[in-house]
$ cat structure-v8.tsv   # TSV, C-alpha atoms
chain	number	residue	atom	x	y	z
A	1	MET	CA	-0.81	-5.72	21.42
A	2	ASP	CA	-0.66	-8.42	18.75
A	3	LYS	CA	2.93	-7.91	17.58
A	4	GLN	CA	2.57	-10.41	14.75
A	5	ARG	CA	-0.35	-8.48	13.24
A	6	SER	CA	1.72	-5.28	13.25
A	7	ILE	CA	4.69	-7.14	11.76
A	8	ASP	CA	2.45	-8.49	8.98
A	9	LEU	CA	1.17	-5.00	8.14
A	10	LEU	CA	4.68	-3.55	8.22
A	11	ASN	CA	5.94	-6.31	5.90
A	12	ARG	CA	3.09	-5.64	3.47
A	13	ALA	CA	4.24	-2.03	3.40
A	14	VAL	CA	7.87	-3.12	2.83
A	15	SER	CA	6.67	-5.11	-0.19
A	16	ASP	CA	4.78	-2.10	-1.58
A	17	GLU	CA	7.73	0.21	-1.04
A	18	LEU	CA	10.14	-2.20	-2.75
A	19	GLN	CA	7.73	-2.38	-5.69
A	20	ALA	CA	7.78	1.41	-5.92
A	21	VAL	CA	11.60	1.48	-5.82
A	22	HIS	CA	11.82	-0.99	-8.69
A	23	GLN	CA	9.12	0.72	-10.76
A	24	TYR	CA	10.49	4.24	-10.25
A	25	MET	CA	14.07	3.24	-11.04
A	26	TYR	CA	12.83	1.58	-14.22
A	27	PHE	CA	11.12	4.85	-15.13
A	28	HIS	CA	14.27	6.77	-14.20
A	29	PHE	CA	16.46	4.69	-16.53
A	30	HIS	CA	14.09	5.04	-19.47
A	31	LEU	CA	13.46	8.76	-18.99
A	32	ALA	CA	17.20	9.40	-18.74
A	33	ASP	CA	17.66	7.43	-21.96
A	34	GLN	CA	15.03	9.66	-23.62
A	35	ALA	CA	16.95	12.75	-22.37
A	36	PHE	CA	14.20	13.85	-19.98
A	37	GLY	CA	16.72	14.69	-17.25
A	38	PRO	CA	14.55	16.56	-14.73
A	39	LEU	CA	11.74	14.01	-14.85
A	40	ALA	CA	14.26	11.14	-14.65
A	41	GLY	CA	15.84	12.81	-11.63
A	42	LEU	CA	12.44	13.22	-9.98
A	43	PHE	CA	11.76	9.49	-10.24
A	44	LYS	CA	15.23	8.69	-8.90
A	45	GLN	CA	14.78	11.00	-5.89
A	46	ILE	CA	11.38	9.56	-5.03
A	47	ALA	CA	12.78	6.02	-5.40
A	48	ILE	CA	15.47	6.94	-2.87
A	49	ARG	CA	12.77	8.27	-0.54
A	50	GLU	CA	10.91	4.97	-0.92
A	51	MET	CA	14.13	3.14	0.06
A	52	ILE	CA	14.20	5.22	3.23
A	53	HIS	CA	10.62	4.08	3.88
A	54	VAL	CA	11.78	0.45	3.59
A	55	GLU	CA	14.47	1.18	6.15
A	56	MET	CA	12.02	2.82	8.57
A	57	LEU	CA	9.57	-0.06	8.26
A	58	SER	CA	12.35	-2.63	8.65
A	59	GLU	CA	13.64	-1.00	11.82
A	60	ARG	CA	10.16	-1.18	13.33
A	61	ILE	CA	9.74	-4.83	12.31
A	62	LEU	CA	13.07	-5.73	13.91
A	63	PHE	CA	12.15	-3.80	17.07
A	64	LEU	CA	9.02	-5.93	17.31
A	65	LYS	CA	11.28	-9.02	16.99
A	66	GLY	CA	9.97	-9.91	13.55
A	67	ASP	CA	11.81	-10.73	10.35
A	68	VAL	CA	11.83	-8.37	7.39
A	69	GLU	CA	10.34	-10.02	4.31
A	70	MET	CA	12.06	-8.50	1.28
A	71	VAL	CA	9.38	-9.56	-1.19
A	72	VAL	CA	8.45	-7.25	-4.06
A	73	ALA	CA	4.69	-6.84	-4.51
A	74	GLY	CA	4.72	-7.51	-8.24
A	75	PRO	CA	6.56	-7.18	-11.53
A	76	VAL	CA	7.74	-3.90	-12.98
A	77	GLU	CA	5.37	-2.55	-15.62
A	78	LYS	CA	7.29	-1.79	-18.81
A	79	ILE	CA	5.96	1.67	-19.59
A	80	HIS	CA	8.01	3.97	-21.81
A	81	ASP	CA	5.68	6.94	-22.33
A	82	PRO	CA	6.41	9.70	-19.78
A	83	GLN	CA	2.76	10.63	-19.33
A	84	GLU	CA	1.78	6.99	-18.72
A	85	MET	CA	4.68	6.66	-16.26
A	86	LEU	CA	3.34	9.60	-14.28
A	87	LYS	CA	-0.18	8.18	-14.30
A	88	LYS	CA	1.10	4.85	-13.02
A	89	ALA	CA	3.19	6.53	-10.31
A	90	ARG	CA	0.31	8.75	-9.23
A	91	SER	CA	-1.95	5.71	-8.96
A	92	MET	CA	0.65	3.80	-6.93
A	93	GLU	CA	1.05	6.68	-4.47
A	94	GLU	CA	-2.69	7.13	-4.09
A	95	GLY	CA	-3.10	3.42	-3.39
A	96	SER	CA	-0.27	3.41	-0.85
A	97	ALA	CA	-1.67	6.41	1.02
A	98	ALA	CA	-5.10	4.76	1.27
A	99	GLU	CA	-3.60	1.44	2.36
A	100	TYR	CA	-1.34	3.04	4.98
A	101	ASN	CA	-4.29	4.98	6.41
A	102	THR	CA	-6.07	1.66	6.90
A	103	PHE	CA	-2.94	0.13	8.43
A	104	ALA	CA	-2.62	3.09	10.84
A	105	LEU	CA	-6.20	2.58	12.01
A	106	GLU	CA	-5.62	-1.14	12.50
A	107	CYS	CA	-2.44	-0.49	14.48
A	108	SER	CA	-4.35	1.96	16.65
A	109	GLN	CA	-7.00	-0.66	17.36
A	110	ASN	CA	-4.17	-3.09	18.11
A	111	ALA	CA	-2.67	-0.70	20.71
A	112	ASP	CA	0.49	-0.20	18.65
A	113	SER	CA	0.82	3.57	18.56
A	114	ALA	CA	4.42	3.58	17.30
A	115	SER	CA	3.50	1.61	14.16
A	116	LYS	CA	0.40	3.79	13.79
A	117	GLN	CA	2.58	6.91	13.84
A	118	LEU	CA	4.97	5.37	11.31
A	119	PHE	CA	2.10	4.65	8.92
A	120	GLU	CA	0.77	8.18	9.40
A	121	THR	CA	4.20	9.56	8.48
A	122	LEU	CA	4.24	7.39	5.38
A	123	VAL	CA	0.77	8.62	4.40
A	124	THR	CA	2.05	12.20	4.47
A	125	ASP	CA	5.05	11.28	2.31
A	126	GLU	CA	2.97	9.28	-0.18
A	127	GLU	CA	0.46	12.11	-0.50
A	128	GLY	CA	3.38	14.45	-1.22
A	129	HIS	CA	4.65	12.10	-3.93
A	130	PHE	CA	1.13	11.89	-5.37
A	131	ASP	CA	0.97	15.69	-5.50
A	132	THR	CA	4.36	15.89	-7.24
A	133	PHE	CA	3.35	13.40	-9.93
A	134	ASP	CA	-0.06	15.04	-10.29
A	135	LYS	CA	1.55	18.46	-10.90
A	136	GLN	CA	3.82	16.98	-13.57
A	137	LEU	CA	0.79	15.46	-15.29
A	138	ASP	CA	-1.02	18.78	-15.10
A	139	ASN	CA	1.94	20.49	-16.76
A	140	ILE	CA	1.96	17.95	-19.59
A	141	GLU	CA	-1.78	18.36	-20.07
A	142	ARG	CA	-1.51	22.18	-20.05
A	143	PHE	CA	1.61	22.57	-22.18
A	144	GLY	CA	1.62	19.35	-24.17
A	145	LEU	CA	4.75	17.90	-25.67
A	146	ASN	CA	6.48	21.28	-25.41
A	147	TYR	CA	6.79	20.73	-21.66
A	148	LEU	CA	8.62	17.44	-22.16
A	149	ALA	CA	10.68	18.78	-25.07
A	150	LEU	CA	12.02	21.59	-22.89
A	151	GLN	CA	13.24	19.01	-20.37
A	152	SER	CA	15.47	17.40	-22.99
A	153	PHE	CA	17.67	20.52	-23.00
A	154	GLU	CA	18.74	19.72	-19.43
A	155	ALA	CA	20.65	16.72	-20.74
A	156	GLU	CA	22.77	18.74	-23.17
A	157	PRO	CA	26.47	19.01	-22.30
A	158	ALA	CA	27.40	22.18	-20.46
A	159	SER	CA	30.81	22.43	-22.11
A	160	GLY	CA	29.82	25.48	-24.16
A	161	GLY	CA	31.57	24.07	-27.19
A	162	ALA	CA	30.10	22.87	-30.45
A	163	PRO	CA	28.72	19.35	-30.51
A	164	THR	CA	31.02	16.79	-32.07

$ encode --input "structure-v8.tsv" --output "structure tokens"
Amino acid sequence: MDKQRSIDLLNRAVSDELQAVHQYMYFHFHLADQAFGPLAGLFKQIAIREMIHVEMLSERILFLKGDVEMVVAGPVEKIHDPQEMLKKARSMEEGSAAEYNTFALECSQNADSASKQLFETLVTDEEGHFDTFDKQLDNIERFGLNYLALQSFEAEPASGGAPT
């Protein structure tokens, strides 16, 4: 097994996952500011899941006696439209799933079955995230702005009293 090759692939995945964390938290902040509570919460929860991916990848890198490179893949895209945010997120997840499938195959050829299994687990998670974002986009396309407008009610205070 070429440990360094596996470490390089794992670090590339760390970079991608960190990019997703940054992008999704950016979306979370802006959606919360627009009072789209449920959609903001969705991005926050998936960002947390991506942080767990970074941890899993890092543990494997350290096991292989490598160093974790905490380098973000690129800058955060400043998107403020909820539909465009979902399109970007869906594209990111689709790209990650395809890339991790390739990494799993390479790890298999490199006789590193543990890293292969880790990448396969990540593929399953990324495909699940893709599906979640895709369903949200479908809802916006089917119901239009009404779907997003209904989400803004989630941010209203639950005090039961009149607004001040």

$ residues_around --input "structure-v8.tsv" --residues "region 3-14 of chain A" --least-positions-apart "2" --cutoff "9 Å" --atoms "only C-alpha atoms" --output "PyMOL selection string"
chain A and resi 1+16-19+53-55+57-58+60-62+64-73+96+99-100+103+106-107+110+112+115+119

$ write_last_selection --input "structure-v8.tsv" --atoms "C-alpha atoms" --output "PDB file, in the coordinates of the input"
ATOM      1  CA  MET A   1      -0.810  -5.720  21.420  1.00  0.00           C
ATOM      2  CA  ASP A  16       4.780  -2.100  -1.580  1.00  0.00           C
ATOM      3  CA  GLU A  17       7.730   0.210  -1.040  1.00  0.00           C
ATOM      4  CA  LEU A  18      10.140  -2.200  -2.750  1.00  0.00           C
ATOM      5  CA  GLN A  19       7.730  -2.380  -5.690  1.00  0.00           C
ATOM      6  CA  HIS A  53      10.620   4.080   3.880  1.00  0.00           C
ATOM      7  CA  VAL A  54      11.780   0.450   3.590  1.00  0.00           C
ATOM      8  CA  GLU A  55      14.470   1.180   6.150  1.00  0.00           C
ATOM      9  CA  LEU A  57       9.570  -0.060   8.260  1.00  0.00           C
ATOM     10  CA  SER A  58      12.350  -2.630   8.650  1.00  0.00           C
ATOM     11  CA  ARG A  60      10.160  -1.180  13.330  1.00  0.00           C
ATOM     12  CA  ILE A  61       9.740  -4.830  12.310  1.00  0.00           C
ATOM     13  CA  LEU A  62      13.070  -5.730  13.910  1.00  0.00           C
ATOM     14  CA  LEU A  64       9.020  -5.930  17.310  1.00  0.00           C
ATOM     15  CA  LYS A  65      11.280  -9.020  16.990  1.00  0.00           C
ATOM     16  CA  GLY A  66       9.970  -9.910  13.550  1.00  0.00           C
ATOM     17  CA  ASP A  67      11.810 -10.730  10.350  1.00  0.00           C
ATOM     18  CA  VAL A  68      11.830  -8.370   7.390  1.00  0.00           C
ATOM     19  CA  GLU A  69      10.340 -10.020   4.310  1.00  0.00           C
ATOM     20  CA  MET A  70      12.060  -8.500   1.280  1.00  0.00           C
ATOM     21  CA  VAL A  71       9.380  -9.560  -1.190  1.00  0.00           C
ATOM     22  CA  VAL A  72       8.450  -7.250  -4.060  1.00  0.00           C
ATOM     23  CA  ALA A  73       4.690  -6.840  -4.510  1.00  0.00           C
ATOM     24  CA  SER A  96      -0.270   3.410  -0.850  1.00  0.00           C
ATOM     25  CA  GLU A  99      -3.600   1.440   2.360  1.00  0.00           C
ATOM     26  CA  TYR A 100      -1.340   3.040   4.980  1.00  0.00           C
ATOM     27  CA  PHE A 103      -2.940   0.130   8.430  1.00  0.00           C
ATOM     28  CA  GLU A 106      -5.620  -1.140  12.500  1.00  0.00           C
ATOM     29  CA  CYS A 107      -2.440  -0.490  14.480  1.00  0.00           C
ATOM     30  CA  ASN A 110      -4.170  -3.090  18.110  1.00  0.00           C
ATOM     31  CA  ASP A 112       0.490  -0.200  18.650  1.00  0.00           C
ATOM     32  CA  SER A 115       3.500   1.610  14.160  1.00  0.00           C
ATOM     33  CA  PHE A 119       2.100   4.650   8.920  1.00  0.00           C
TER      34      PHE A 119
END

$ axis_aligned_box --input "structure-v8.tsv" --around "region 128-138 of chain A" --padding-each-side "3 Å" --output "JSON"
{"center_x": 1.8, "center_y": 15.3, "center_z": -8.3, "size_x": 11.7, "size_y": 12.9, "size_z": 20.1}

$ closest_residue --input "structure-v8.tsv" --among "A:Ala32, A:Met56, A:Pro82, A:Ser15" --to "Leu145 (chain A)" --atoms "only C-alpha atoms"
A:Pro82

$ closest_residue --input "structure-v8.tsv" --among "A:Val76, A:Glu120, A:Lys44, A:Glu50" --to "Thr102 (chain A)" --atoms "all atoms listed in the file"
A:Glu120

$ residues_near_point --input "structure-v8.tsv" --point "(10.2, -2.2, -19.0)" --cutoff "9 Å" --atoms "only C-alpha atoms" --output "list in words"
Gln23, Tyr26, Phe27, His30, Val76, Glu77, Lys78, Ile79 and His80 of chain A

$ build_atoms --input "structure-v8.tsv" --residues "region 27-52 of chain A" --atoms "N, CA and C atoms" --output "compact mmCIF listing (two decimals), in the coordinates of the input"
# COMPACT_ATOMS: atom_id res chain seq x y z
N PHE A 27 11.52 3.60 -14.47
CA PHE A 27 11.12 4.85 -15.13
C PHE A 27 12.31 5.80 -15.25
N HIS A 28 13.09 5.90 -14.19
CA HIS A 28 14.27 6.77 -14.20
C HIS A 28 15.20 6.41 -15.35
N PHE A 29 15.53 5.13 -15.48
CA PHE A 29 16.46 4.69 -16.53
C PHE A 29 15.93 5.06 -17.92
N HIS A 30 14.65 4.79 -18.14
CA HIS A 30 14.09 5.04 -19.47
C HIS A 30 13.93 6.53 -19.76
N LEU A 31 13.57 7.31 -18.78
CA LEU A 31 13.46 8.76 -18.99
C LEU A 31 14.84 9.37 -19.23
N ALA A 32 15.84 8.91 -18.51
CA ALA A 32 17.20 9.40 -18.74
C ALA A 32 17.65 9.05 -20.16
N ASP A 33 17.31 7.86 -20.61
CA ASP A 33 17.66 7.43 -21.96
C ASP A 33 16.97 8.29 -23.02
N GLN A 34 15.77 8.79 -22.71
CA GLN A 34 15.03 9.66 -23.62
C GLN A 34 15.43 11.13 -23.47
N ALA A 35 16.42 11.41 -22.62
CA ALA A 35 16.95 12.75 -22.37
C ALA A 35 15.97 13.65 -21.63
N PHE A 36 15.10 13.07 -20.83
CA PHE A 36 14.20 13.85 -19.98
C PHE A 36 14.81 13.92 -18.58
N GLY A 37 15.93 14.64 -18.47
CA GLY A 37 16.72 14.69 -17.25
C GLY A 37 15.96 15.06 -15.99
N PRO A 38 15.25 16.19 -15.98
CA PRO A 38 14.55 16.56 -14.73
C PRO A 38 13.52 15.54 -14.28
N LEU A 39 12.75 15.00 -15.22
CA LEU A 39 11.74 14.01 -14.85
C LEU A 39 12.41 12.71 -14.41
N ALA A 40 13.49 12.32 -15.07
CA ALA A 40 14.26 11.14 -14.65
C ALA A 40 14.78 11.33 -13.24
N GLY A 41 15.32 12.51 -12.96
CA GLY A 41 15.84 12.81 -11.63
C GLY A 41 14.75 12.78 -10.57
N LEU A 42 13.57 13.25 -10.92
CA LEU A 42 12.44 13.22 -9.98
C LEU A 42 12.12 11.78 -9.58
N PHE A 43 12.05 10.89 -10.57
CA PHE A 43 11.76 9.49 -10.24
C PHE A 43 12.87 8.87 -9.40
N LYS A 44 14.12 9.23 -9.69
CA LYS A 44 15.23 8.69 -8.90
C LYS A 44 15.15 9.18 -7.45
N GLN A 45 14.87 10.45 -7.25
CA GLN A 45 14.78 11.00 -5.89
C GLN A 45 13.64 10.38 -5.10
N ILE A 46 12.51 10.17 -5.75
CA ILE A 46 11.38 9.56 -5.03
C ILE A 46 11.68 8.08 -4.76
N ALA A 47 12.38 7.40 -5.66
CA ALA A 47 12.78 6.02 -5.40
C ALA A 47 13.69 5.95 -4.18
N ILE A 48 14.59 6.90 -4.05
CA ILE A 48 15.47 6.94 -2.87
C ILE A 48 14.64 7.16 -1.61
N ARG A 49 13.65 8.03 -1.69
CA ARG A 49 12.77 8.27 -0.54
C ARG A 49 12.02 6.99 -0.17
N GLU A 50 11.60 6.23 -1.19
CA GLU A 50 10.91 4.97 -0.92
C GLU A 50 11.86 3.97 -0.25
N MET A 51 13.15 4.01 -0.62
CA MET A 51 14.13 3.14 0.06
C MET A 51 14.25 3.50 1.53
N ILE A 52 14.17 4.77 1.83
CA ILE A 52 14.20 5.22 3.23
C ILE A 52 12.97 4.69 3.96
